[in-house]
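Enquirer: Below are the structure tokens for one structure; questions will follow.
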Amino acid sequence: ALDAAILSHVFWPSLPKSKWKAHPALREHTAAFGREFYRLKNPRRLVWINGLGSVSLELRLEGEAEPRTYTVDPAQATLVSHLADRDAWTSAELAAEMSWTEEAVRRAMGVWVRNGVARAADGGVTATPGASTTAYRLSTREELAAGPAASAAR
């Protein structure tokens with residue numbers, strides 16, 4: 001479900017626009033919401049500001065009976081959604097997918113690593129001298145049983 005706060009540009013100061021791309025599933029939800037809003041409020045249209053708001057997620061990880069509930073910013077929700085799409089991503093791949101910087105990806109991934117949802121490993125040196133990339137993946141059943149401290153010990 002999508003819950004949006006609608007602000008009028010007439011009565012609200014200009015807000016910073018985020019320069020990253022949301023996960024395709026999140027984009028589809030916002031597009032459907034926008035289409036319905038337009039249908040009901042024609043000619044008004046919505047302009048989404050990716051960086052504002054929060055997303056409530058229920059994540060059921062491998063081997064868990066009950067879902068975990070998180071409230072995160074939209075970028076963090078996008079990152080964990082990408083992790084669910086394939087086995088592993090590097091920070092460089094996630095940055096390219098989201099049109100974001102690797103540093104921003106590493107900062108935003110911190111919430112998932114700290115909570116034990118994702119694991120980070122040094123991905124090695126990139127083509128840029130002195131730069132490195134981080135590889136991310138969802139935690140395994142064994143890692144979840146060991147808890148978030150297990151990722152910090154690695």
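Residue numbering restarts at 1 for every chain of the structure tokens, chains are lettered A, B, ... in their displayed order, and ligands are numbered from 1 as they appear.
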Find the spatial neighbours of segment 115-122 of chain A, counting only C-alpha atoms, within a cut-off of 6 Å - ignore same-chain residues fewer than 3 positions away - and output them as a list in words.
Expert: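 Selected residues are Trp112, Thr134, Ala135, Tyr136, Arg137, Leu138, Ser139 and Pro148 of chain A.
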Enquirer: Just list the residues in segment 1-62 of chain A DSSP gives helix (DSSP H, G or I) on the backbone, as a ChimeraX atom specification.
Expert: /A:24-41
Enquirer: Of the residues A:Arg114, A:His82, A:Arg141, A:His9, which is the one nearest to Lys21 of chain A, using only C-alpha atoms?
Expert: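 Among A:Arg114, A:His82, A:Arg141, A:His9, it is A:His82 that comes nearest to Lys21 of chain A.
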Enquirer: Just the strand (DSSP E) stuff from segment 65-113 of chain A, please, per backbone DSSP, written as a ChimeraX atom specification.
Expert: /A:68-72,89-90
Enquirer: Can you pull out every residue within 12 Å of segment 70-78 of chain A, counting only C-alpha atoms, but drop anything in the same chain fewer than 2 positions away, and send it as an MDAnalysis selection string?
Expert: chainID A and resid 2 18:27 30 48:60 67:68 80:85 94:95 97:100 104:113 115 117:118
